[in-house]
file final-v3.cif (mmCIF, C-alpha atoms and all ligand atoms)
data_query
loop_
_atom_site.label_atom_id
_atom_site.label_comp_id
_atom_site.auth_asym_id
_atom_site.auth_seq_id
_atom_site.Cartn_x
_atom_site.Cartn_y
_atom_site.Cartn_z
CA MET A 1 -22.40 -10.24 -65.45
CA GLY A 2 -18.58 -10.67 -65.95
CA LYS A 3 -18.01 -7.88 -63.40
CA MET A 4 -20.21 -9.67 -60.80
CA ARG A 5 -18.31 -12.99 -61.23
CA THR A 6 -14.98 -11.21 -60.73
CA GLN A 7 -16.32 -9.66 -57.51
CA SER A 8 -17.59 -12.99 -56.15
CA VAL A 9 -14.18 -14.62 -56.88
CA ARG A 10 -12.48 -11.81 -54.93
CA TRP A 11 -14.87 -12.25 -51.96
CA ARG A 12 -14.19 -16.02 -51.83
CA ALA A 13 -10.43 -15.48 -51.97
CA ALA A 14 -10.69 -12.93 -49.12
CA ALA A 15 -12.79 -15.37 -47.03
CA VAL A 16 -10.24 -18.20 -47.54
CA LEU A 17 -7.36 -15.86 -46.57
CA ALA A 18 -9.25 -14.71 -43.43
CA SER A 19 -9.92 -18.27 -42.27
CA VAL A 20 -6.25 -19.24 -42.87
CA LEU A 21 -5.13 -16.25 -40.77
CA LEU A 22 -7.68 -17.04 -38.06
CA VAL A 23 -6.64 -20.71 -37.77
CA GLY A 24 -2.97 -19.67 -37.80
CA GLY A 25 -3.61 -17.08 -35.11
CA VAL A 26 -5.45 -19.50 -32.82
CA ALA A 27 -2.71 -22.09 -33.30
CA ALA A 28 -0.07 -19.49 -32.45
CA CYS A 29 -1.95 -18.55 -29.28
CA GLY A 30 -2.29 -22.20 -28.35
CA ASN A 31 1.44 -22.77 -28.79
CA SER A 32 2.40 -19.93 -26.50
CA ASP A 33 0.22 -21.11 -23.62
CA THR A 34 1.86 -23.09 -20.89
CA GLY A 35 -0.01 -26.31 -20.21
CA GLY A 36 -0.67 -25.84 -16.47
CA GLY A 37 -2.07 -22.40 -15.93
CA GLY A 38 -2.13 -20.74 -19.29
CA THR A 39 0.42 -17.93 -18.80
CA LYS A 40 2.40 -16.89 -21.89
CA ASP A 41 5.91 -18.27 -22.27
CA ASP A 42 7.40 -15.63 -24.56
CA GLY A 43 10.40 -14.76 -22.34
CA LYS A 44 8.86 -11.45 -21.31
CA ILE A 45 7.20 -10.89 -17.95
CA THR A 46 3.84 -9.21 -17.69
CA MET A 47 2.77 -8.15 -14.21
CA GLY A 48 -0.78 -7.19 -13.25
CA PHE A 49 -0.65 -4.82 -10.29
CA SER A 50 -3.64 -3.66 -8.27
CA GLN A 51 -2.87 -0.57 -6.19
CA VAL A 52 -4.96 0.52 -3.18
CA GLY A 53 -5.54 4.04 -4.50
CA ALA A 54 -3.91 7.46 -4.24
CA GLU A 55 -4.96 8.29 -0.69
CA SER A 56 -1.63 9.56 0.65
CA GLY A 57 1.82 10.90 -0.19
CA TRP A 58 3.15 7.46 0.73
CA ARG A 59 0.89 5.80 -1.83
CA THR A 60 1.96 8.21 -4.60
CA ALA A 61 5.63 7.46 -3.85
CA ASN A 62 4.88 3.72 -3.83
CA THR A 63 3.14 3.90 -7.24
CA ILE A 64 6.07 5.83 -8.73
CA SER A 65 8.54 3.30 -7.31
CA ILE A 66 6.62 0.37 -8.83
CA LYS A 67 6.19 1.98 -12.27
CA GLU A 68 9.84 3.09 -12.48
CA ALA A 69 11.15 -0.28 -11.29
CA ALA A 70 9.01 -2.16 -13.84
CA THR A 71 10.43 -0.05 -16.67
CA ALA A 72 13.98 -0.51 -15.40
CA ALA A 73 13.50 -4.30 -15.12
CA GLY A 74 11.90 -4.61 -18.58
CA ILE A 75 8.67 -5.91 -17.05
CA GLU A 76 5.41 -5.00 -18.76
CA LEU A 77 3.18 -3.51 -16.05
CA LYS A 78 -0.60 -3.50 -16.16
CA PHE A 79 -1.60 -1.09 -13.41
CA ASP A 80 -4.98 -0.54 -11.80
CA ASP A 81 -5.96 2.03 -9.13
CA ALA A 82 -8.72 0.51 -6.94
CA GLN A 83 -9.75 3.82 -5.37
CA GLN A 84 -9.63 2.22 -1.91
CA LYS A 85 -12.34 -0.34 -2.76
CA GLN A 86 -11.89 -4.08 -2.31
CA GLU A 87 -14.44 -4.89 -5.04
CA ASN A 88 -12.33 -2.93 -7.55
CA GLN A 89 -9.24 -4.90 -6.56
CA ILE A 90 -11.06 -8.22 -6.96
CA LYS A 91 -12.29 -7.11 -10.40
CA ALA A 92 -8.78 -6.08 -11.45
CA ILE A 93 -7.29 -9.39 -10.28
CA ARG A 94 -9.96 -11.34 -12.21
CA ASN A 95 -9.11 -9.28 -15.33
CA TYR A 96 -5.44 -10.10 -14.91
CA ILE A 97 -6.29 -13.80 -14.62
CA GLN A 98 -8.30 -13.58 -17.86
CA GLN A 99 -5.44 -11.78 -19.57
CA LYS A 100 -3.08 -14.57 -18.45
CA VAL A 101 -0.44 -12.26 -17.01
CA ASP A 102 2.70 -13.96 -15.68
CA VAL A 103 2.53 -12.55 -12.14
CA ILE A 104 -0.13 -10.75 -10.13
CA ALA A 105 0.97 -8.36 -7.38
CA PHE A 106 -1.25 -6.27 -5.16
CA SER A 107 -1.44 -4.24 -1.99
CA PRO A 108 -4.69 -5.36 -0.34
CA VAL A 109 -6.89 -2.49 0.81
CA VAL A 110 -8.22 -4.62 3.70
CA GLU A 111 -6.92 -7.84 5.28
CA SER A 112 -9.94 -10.15 4.92
CA GLY A 113 -11.97 -11.61 2.07
CA TRP A 114 -9.34 -12.63 -0.46
CA ASP A 115 -9.46 -16.44 -0.41
CA THR A 116 -11.83 -16.92 -3.38
CA VAL A 117 -10.01 -14.68 -5.83
CA LEU A 118 -6.57 -15.90 -4.69
CA LYS A 119 -7.74 -19.47 -5.26
CA GLU A 120 -8.85 -18.49 -8.78
CA ALA A 121 -5.34 -17.15 -9.49
CA LYS A 122 -3.76 -20.30 -8.08
CA ASP A 123 -6.02 -22.55 -10.17
CA ALA A 124 -5.03 -20.54 -13.24
CA GLY A 125 -1.36 -21.15 -12.41
CA ILE A 126 -0.60 -17.45 -11.87
CA PRO A 127 1.66 -16.69 -8.90
CA VAL A 128 0.62 -13.86 -6.59
CA ILE A 129 2.95 -11.54 -4.66
CA LEU A 130 1.60 -9.44 -1.79
CA THR A 131 3.29 -6.11 -1.43
CA ASP A 132 3.05 -3.43 1.30
CA ARG A 133 0.05 -5.04 3.04
CA SER A 134 -0.81 -8.65 3.76
CA VAL A 135 -4.02 -10.70 3.92
CA ASP A 136 -5.34 -12.85 6.77
CA SER A 137 -5.86 -16.01 4.66
CA ALA A 138 -5.08 -19.18 6.62
CA ASP A 139 -3.92 -20.91 3.42
CA LYS A 140 -0.44 -19.46 2.85
CA SER A 141 -0.10 -21.37 -0.44
CA LEU A 142 -2.46 -18.83 -2.03
CA TYR A 143 0.44 -16.40 -2.46
CA LYS A 144 4.19 -16.77 -2.98
CA THR A 145 5.52 -14.10 -0.65
CA PHE A 146 4.72 -10.93 1.25
CA LEU A 147 7.07 -7.97 0.80
CA GLY A 148 6.45 -5.07 3.19
CA SER A 149 6.84 -3.41 6.57
CA ASP A 150 6.21 -4.77 10.04
CA PHE A 151 3.31 -2.49 10.98
CA VAL A 152 3.08 -3.78 14.56
CA LYS A 153 6.72 -2.81 15.04
CA GLU A 154 6.04 0.70 13.66
CA GLY A 155 3.21 1.21 16.18
CA LYS A 156 5.44 -0.13 18.95
CA LEU A 157 8.30 2.23 18.07
CA ALA A 158 5.86 5.15 18.18
CA GLY A 159 4.53 4.03 21.58
CA GLU A 160 7.97 3.34 23.06
CA TRP A 161 9.15 6.84 22.15
CA LEU A 162 6.12 8.29 23.91
CA VAL A 163 6.66 6.14 27.02
CA GLU A 164 10.22 7.51 27.23
CA GLN A 165 9.08 11.14 26.73
CA LYS A 166 6.38 10.89 29.39
CA LYS A 167 8.23 8.78 31.94
CA THR A 168 8.15 11.59 34.54
CA ALA A 169 4.48 12.51 33.97
CA SER A 170 2.75 12.56 37.34
CA GLY A 171 -0.85 12.59 36.02
CA PRO A 172 -2.89 11.26 33.10
CA VAL A 173 -1.60 11.85 29.57
CA ASN A 174 -4.57 12.02 27.17
CA ILE A 175 -3.92 10.53 23.75
CA VAL A 176 -6.13 10.70 20.66
CA GLU A 177 -5.55 8.28 17.81
CA LEU A 178 -6.25 8.76 14.09
CA GLN A 179 -6.54 5.26 12.68
CA GLY A 180 -5.90 4.28 9.08
CA SER A 181 -8.61 2.79 6.85
CA THR A 182 -10.89 0.40 8.72
CA GLY A 183 -9.85 -3.22 8.21
CA ALA A 184 -6.48 -2.35 6.63
CA ALA A 185 -3.46 -4.23 7.98
CA PRO A 186 -1.50 -1.05 8.85
CA ALA A 187 -4.47 0.33 10.80
CA ASN A 188 -5.00 -2.91 12.76
CA ASP A 189 -1.32 -3.53 13.42
CA ARG A 190 -0.18 0.02 14.25
CA LYS A 191 -3.04 0.32 16.75
CA LYS A 192 -2.01 -2.99 18.32
CA GLY A 193 1.72 -2.17 18.51
CA PHE A 194 1.11 1.28 19.97
CA ALA A 195 -1.34 -0.04 22.62
CA GLU A 196 1.15 -2.75 23.63
CA ALA A 197 3.96 -0.23 24.08
CA ILE A 198 2.03 2.42 26.06
CA ALA A 199 0.69 -0.26 28.42
CA ALA A 200 4.09 0.16 30.14
CA ASN A 201 2.83 3.40 31.70
CA PRO A 202 -0.71 3.45 33.14
CA ASN A 203 -0.75 7.27 32.91
CA LEU A 204 -0.86 7.01 29.12
CA LYS A 205 -4.49 6.65 27.99
CA VAL A 206 -6.08 6.63 24.53
CA ILE A 207 -9.23 8.71 25.18
CA ALA A 208 -10.51 8.72 21.57
CA SER A 209 -9.66 6.62 18.50
CA GLN A 210 -11.30 6.89 15.10
CA THR A 211 -10.50 6.31 11.45
CA GLY A 212 -9.32 9.18 9.24
CA ASP A 213 -9.00 6.79 6.27
CA PHE A 214 -5.28 7.59 5.77
CA THR A 215 -6.20 10.92 4.12
CA ARG A 216 -5.45 14.57 4.99
CA ALA A 217 -9.13 15.49 4.73
CA GLY A 218 -10.06 12.60 7.05
CA GLY A 219 -7.36 13.58 9.56
CA LYS A 220 -8.51 17.19 9.65
CA GLN A 221 -12.19 16.34 10.03
CA VAL A 222 -11.73 13.75 12.80
CA MET A 223 -9.24 15.94 14.68
CA GLU A 224 -11.81 18.76 14.67
CA GLN A 225 -14.27 16.39 16.35
CA PHE A 226 -11.66 15.22 18.86
CA LEU A 227 -10.85 18.82 19.78
CA LYS A 228 -14.52 19.73 20.25
CA ALA A 229 -15.24 16.68 22.41
CA ASN A 230 -12.08 16.67 24.53
CA PRO A 231 -10.88 19.80 26.35
CA LYS A 232 -7.52 18.22 27.29
CA ILE A 233 -5.61 16.48 24.50
CA ASP A 234 -1.89 15.98 25.21
CA VAL A 235 -0.86 13.67 22.39
CA LEU A 236 -1.97 12.79 18.87
CA PHE A 237 -0.92 9.45 17.39
CA ALA A 238 -1.75 9.43 13.65
CA HIS A 239 -1.32 6.20 11.69
CA ASN A 240 0.22 8.14 8.81
CA ASP A 241 1.77 11.52 7.97
CA ASP A 242 -1.13 12.65 5.81
CA MET A 243 -3.70 12.38 8.61
CA GLY A 244 -1.24 14.15 10.92
CA LEU A 245 -0.83 16.94 8.36
CA GLY A 246 -4.60 17.33 8.08
CA ALA A 247 -4.85 17.39 11.89
CA LEU A 248 -2.31 20.24 12.03
CA GLU A 249 -4.87 22.51 10.36
CA ALA A 250 -7.54 21.57 12.89
CA ILE A 251 -5.16 22.09 15.83
CA THR A 252 -4.00 25.50 14.61
CA ALA A 253 -7.60 26.56 13.92
CA ALA A 254 -8.46 25.61 17.52
CA GLY A 255 -5.80 28.06 18.75
CA LYS A 256 -3.31 25.40 19.86
CA VAL A 257 0.33 25.05 18.88
CA PRO A 258 1.07 21.69 17.21
CA GLY A 259 4.21 20.03 18.52
CA LYS A 260 4.04 22.04 21.76
CA ASP A 261 0.51 22.06 23.18
CA ILE A 262 -0.10 18.69 21.56
CA THR A 263 2.72 16.20 20.98
CA ILE A 264 2.32 14.66 17.51
CA ILE A 265 3.57 11.22 16.50
CA THR A 266 3.02 9.85 12.99
CA ILE A 267 4.14 7.03 10.70
CA ASP A 268 5.60 7.09 7.14
CA ALA A 269 8.28 9.85 6.91
CA VAL A 270 7.29 11.22 3.50
CA LYS A 271 8.77 14.63 2.63
CA ASP A 272 5.84 16.74 3.88
CA GLY A 273 5.79 14.82 7.16
CA MET A 274 9.54 15.17 7.55
CA GLN A 275 9.25 18.92 6.90
CA ALA A 276 6.61 19.22 9.64
CA LEU A 277 8.93 17.28 11.94
CA ALA A 278 11.92 19.47 11.07
CA ASP A 279 9.74 22.55 11.72
CA GLY A 280 8.79 21.25 15.18
CA LYS A 281 5.10 20.74 14.32
CA PHE A 282 5.45 16.95 14.53
CA ASN A 283 7.57 15.43 17.32
CA PHE A 284 8.40 11.90 16.12
CA ILE A 285 7.94 9.73 13.03
CA ALA A 286 8.34 5.97 12.65
CA GLU A 287 9.35 5.29 9.06
CA CYS A 288 7.39 3.15 6.59
CA SER A 289 9.22 2.91 3.28
CA PRO A 290 7.19 3.02 0.04
CA LEU A 291 10.20 2.22 -2.17
CA LEU A 292 9.22 -1.39 -2.78
CA GLY A 293 9.39 -1.39 -6.60
CA PRO A 294 12.91 -2.79 -7.22
CA GLN A 295 12.50 -5.68 -4.74
CA LEU A 296 9.06 -6.46 -6.15
CA MET A 297 10.37 -6.73 -9.73
CA ASP A 298 13.24 -8.91 -8.57
CA LEU A 299 10.77 -11.23 -6.84
CA ALA A 300 8.55 -11.33 -9.94
CA LYS A 301 11.49 -12.54 -12.04
CA LYS A 302 12.40 -15.24 -9.53
CA VAL A 303 8.82 -16.43 -9.14
CA LYS A 304 8.36 -16.55 -12.94
CA ASP A 305 11.58 -18.62 -13.15
CA GLY A 306 10.14 -21.07 -10.63
CA GLN A 307 12.79 -20.16 -8.02
CA GLU A 308 12.03 -20.42 -4.30
CA VAL A 309 11.55 -17.06 -2.55
CA PRO A 310 11.28 -16.36 1.20
CA ALA A 311 7.68 -16.39 2.45
CA ARG A 312 8.19 -13.00 4.15
CA ILE A 313 10.51 -10.14 3.24
CA GLU A 314 10.50 -7.32 5.78
CA THR A 315 11.37 -3.76 4.77
CA GLN A 316 14.22 -2.18 6.73
CA GLU A 317 13.14 1.04 8.42
CA THR A 318 14.13 3.62 11.01
CA THR A 319 12.66 6.41 13.16
CA PHE A 320 13.15 10.20 13.12
CA THR A 321 13.27 12.96 15.72
CA SER A 322 13.17 16.60 14.65
CA GLU A 323 16.98 16.88 14.50
CA GLN A 324 17.27 13.69 12.46
CA ALA A 325 14.59 14.93 10.06
CA LYS A 326 16.55 18.14 9.44
CA GLU A 327 19.58 16.05 8.52
CA ALA A 328 17.70 13.56 6.34
CA LEU A 329 15.45 16.00 4.44
CA PRO A 330 17.91 17.24 1.78
CA ASN A 331 18.42 13.68 0.51
CA ARG A 332 14.86 12.43 0.97
CA LYS A 333 13.63 10.92 -2.29
CA TYR A 334 9.91 11.03 -1.61
O1 LIG B 401 0.05 0.52 3.74
C1 LIG B 401 0.87 1.61 3.97
C2 LIG B 401 0.07 2.78 4.43
O2 LIG B 401 -0.91 3.10 3.49
C3 LIG B 401 0.84 4.07 4.65
O3 LIG B 401 1.29 4.24 5.93
C4 LIG B 401 -0.21 5.08 4.36
O4 LIG B 401 0.28 6.38 4.23
C5 LIG B 401 -0.84 4.48 3.18
O5 LIG B 401 -1.99 5.06 2.78
#
call {"tool": "encode", "arguments": {"input": "final-v3.cif", "output": "structure tokens"}}
result
Amino acid sequence: MGKMRTQSVRWRAAAVLASVLLVGGVAACGNSDTGGGGTKDDGKITMGFSQVGAESGWRTANTISIKEAATAAGIELKFDDAQQKQENQIKAIRNYIQQKVDVIAFSPVVESGWDTVLKEAKDAGIPVILTDRSVDSADKSLYKTFLGSDFVKEGKLAGEWLVEQKKTASGPVNIVELQGSTGAAPANDRKKGFAEAIAANPNLKVIASQTGDFTRAGGKQVMEQFLKANPKIDVLFAHNDDMGLGALEAITAAGKVPGKDITIITIDAVKDGMQALADGKFNFIAECSPLLGPQLMDLAKKVKDGQEVPARIETQETTFTSEQAKEALPNRKY
């Protein structure tokens, strides 16, 4: 009997202690919330980042840059790989909103369909930074800034180089185009920029254009189809190095010499692409830099501080011929 009473006293004491801790814990959480949107004000920055996927060498370099820069800046990074699916990105962003991160950053897999989730972030008081790719939302107040390349310019630079190379061509120059992922900003914009530039010479004609989804496997498979369907292909314009590298296999298997029988132009300038250019298998690359991490972390700090940031920050880039690739390769970081 005495033993049972002692036990019941212990249980009651434990219950009182638990409720004290619970109330204390809730109060502590309540204190750390900011009134407006509910992000934590503990001096530390937590960033929720939704990455497109791991589809290319460029993407891998971009992910490394973001993770390393977060560590260097002392920013806690919550990272999600969306496997090239918009629904996964929307889910990740909603999770970050629930977790009350300080800043959300993401590289949108496609341009359209973001308004609802961006509005949810805005209503929760969480600033959003777009990096690498932008969205087509009319309401620019849904995000703080867009840090990334000018993809139209990249396509234009690729096209202008070709116009110069083929200025003495007396007959039609047949071009095939490997597009990036359907609906993605770099696919839409590079196609546009390239078409605008080659319009300067009516001999230059895109005879086939299809998506290779920014992957090597996609580039190889679509190039095989192009080669079967078109007996005369003079030029390949691939929206990234990886698709160009995949296409190399298809071209070689078809008994043609890449870089000679077919002129190859790509975008990115990752190491493998630069090696193919130095080896004469590619002919020209317009650069797209994936090293966005340090600038992104700097922006996150400013945005968290409530500082004004420019609405658009364009990445500085260049182009490479084979000779320039040979020179640049030894110091290429990615
Ligand atoms: O958005 C940048 C593009 O996405 C890169 O050119 C490509 O390689 C990547 O997959």
call {"tool": "residues_near_ligand", "arguments": {"input": "final-v3.cif", "ligand": "ligand LIG 401 (chain B)", "cutoff": "6 Å", "atoms": "only C-alpha atoms and all ligand atoms", "output": "number ranges by chain"}}
result
A: 55-56, 58-59, 132-133, 186, 214, 240, 268
call {"tool": "atom_distance", "arguments": {"input": "final-v3.cif", "atom1": "CA of Phe106 in chain A", "atom2": "CA of Phe49 in chain A"}}
result
5.4 Å
call {"tool": "closest_residue", "arguments": {"input": "final-v3.cif", "among": "A:Thr263, A:Gln221, A:Ser149, A:Gln316", "to": "Asn174 in chain A", "atoms": "only C-alpha atoms"}}
result
A:Thr263
call {"tool": "closest_residue", "arguments": {"input": "final-v3.cif", "among": "A:Lys44, A:Lys85, A:His239, A:Lys100", "to": "Lys192 in chain A", "atoms": "all atoms listed in the file"}}
result
A:His239
call {"tool": "closest_residue", "arguments": {"input": "final-v3.cif", "among": "A:Thr266, A:Lys232, A:Glu120, A:Asn201", "to": "Gln179 in chain A", "atoms": "all atoms listed in the file"}}
result
A:Thr266
call {"tool": "atom_distance", "arguments": {"input": "final-v3.cif", "atom1": "CA of Pro231 in chain A", "atom2": "CA of Ala269 in chain A"}}
result
29.1 Å
call {"tool": "closest_residue", "arguments": {"input": "final-v3.cif", "among": "A:Met297, A:Leu292, A:Leu178, A:Gly148", "to": "Thr63 in chain A", "atoms": "only C-alpha atoms"}}
result
A:Leu292
call {"tool": "atom_distance", "arguments": {"input": "final-v3.cif", "atom1": "CA of Asn62 in chain A", "atom2": "CA of Tyr334 in chain A"}}
result
9.1 Å
call {"tool": "closest_atom_pairs", "arguments": {"input": "final-v3.cif", "of": "range 253-295 of chain A", "to": "range 70-76 of chain A", "cutoff": "12 Å", "atoms": "all atoms listed in the file", "output": "tab-separated table"}}
result
residue	atom	partner	partner_atom	distance
A:Leu292	CA	A:Ala70	CA	11.1
A:Gly293	CA	A:Ala70	CA	7.3
A:Pro294	CA	A:Ala70	CA	7.7
A:Gln295	CA	A:Ala70	CA	10.4
call {"tool": "residues_near_point", "arguments": {"input": "final-v3.cif", "point": "(-5.7, 11.2, 12.2)", "cutoff": "7 Å", "atoms": "only C-alpha atoms", "output": "ChimeraX atom specification"}}
result
/A:177-179,211-212,218-219,222-223,238-239,243-244,247
call {"tool": "closest_residue", "arguments": {"input": "final-v3.cif", "among": "A:Ile207, A:Ala195, A:Ala311, A:Met274", "to": "Leu130 in chain A", "atoms": "all atoms listed in the file"}}
result
A:Ala311
call {"tool": "closest_residue", "arguments": {"input": "final-v3.cif", "among": "A:Gly159, A:Pro330, A:Thr131, A:Ile93", "to": "Val117 in chain A", "atoms": "only C-alpha atoms"}}
result
A:Ile93
call {"tool": "residues_around", "arguments": {"input": "final-v3.cif", "residues": "range 305-310 of chain A", "least_positions_apart": "4", "cutoff": "12 Å", "atoms": "all atoms listed in the file", "output": "PDB file with C-alpha atoms, keeping the file's coordinate frame"}}
result
ATOM      1  CA  ASP A  41       5.910 -18.270 -22.270  1.00  0.00           C
ATOM      2  CA  GLY A  43      10.400 -14.760 -22.340  1.00  0.00           C
ATOM      3  CA  LYS A  44       8.860 -11.450 -21.310  1.00  0.00           C
ATOM      4  CA  ILE A  45       7.200 -10.890 -17.950  1.00  0.00           C
ATOM      5  CA  ASP A 102       2.700 -13.960 -15.680  1.00  0.00           C
ATOM      6  CA  VAL A 103       2.530 -12.550 -12.140  1.00  0.00           C
ATOM      7  CA  GLY A 125      -1.360 -21.150 -12.410  1.00  0.00           C
ATOM      8  CA  ILE A 126      -0.600 -17.450 -11.870  1.00  0.00           C
ATOM      9  CA  PRO A 127       1.660 -16.690  -8.900  1.00  0.00           C
ATOM     10  CA  ILE A 129       2.950 -11.540  -4.660  1.00  0.00           C
ATOM     11  CA  TYR A 143       0.440 -16.400  -2.460  1.00  0.00           C
ATOM     12  CA  LYS A 144       4.190 -16.770  -2.980  1.00  0.00           C
ATOM     13  CA  THR A 145       5.520 -14.100  -0.650  1.00  0.00           C
ATOM     14  CA  PHE A 146       4.720 -10.930   1.250  1.00  0.00           C
ATOM     15  CA  LEU A 147       7.070  -7.970   0.800  1.00  0.00           C
ATOM     16  CA  GLN A 295      12.500  -5.680  -4.740  1.00  0.00           C
ATOM     17  CA  LEU A 296       9.060  -6.460  -6.150  1.00  0.00           C
ATOM     18  CA  ASP A 298      13.240  -8.910  -8.570  1.00  0.00           C
ATOM     19  CA  LEU A 299      10.770 -11.230  -6.840  1.00  0.00           C
ATOM     20  CA  ALA A 300       8.550 -11.330  -9.940  1.00  0.00           C
ATOM     21  CA  LYS A 301      11.490 -12.540 -12.040  1.00  0.00           C
ATOM     22  CA  GLU A 314      10.500  -7.320   5.780  1.00  0.00           C
TER      23      GLU A 314
END
call {"tool": "residues_near_point", "arguments": {"input": "final-v3.cif", "point": "(-8.4, -2.2, 4.4)", "cutoff": "8 Å", "atoms": "only C-alpha atoms", "output": "ChimeraX atom specification"}}
result
/A:84,86,108-111,181-185,187
call {"tool": "residues_around", "arguments": {"input": "final-v3.cif", "residues": "range 150-154 of chain A", "least_positions_apart": "2", "cutoff": "6 Å", "atoms": "all atoms listed in the file", "output": "JSON, numbers by chain"}}
result
{"A": [156, 157, 186, 189, 190, 193, 286]}
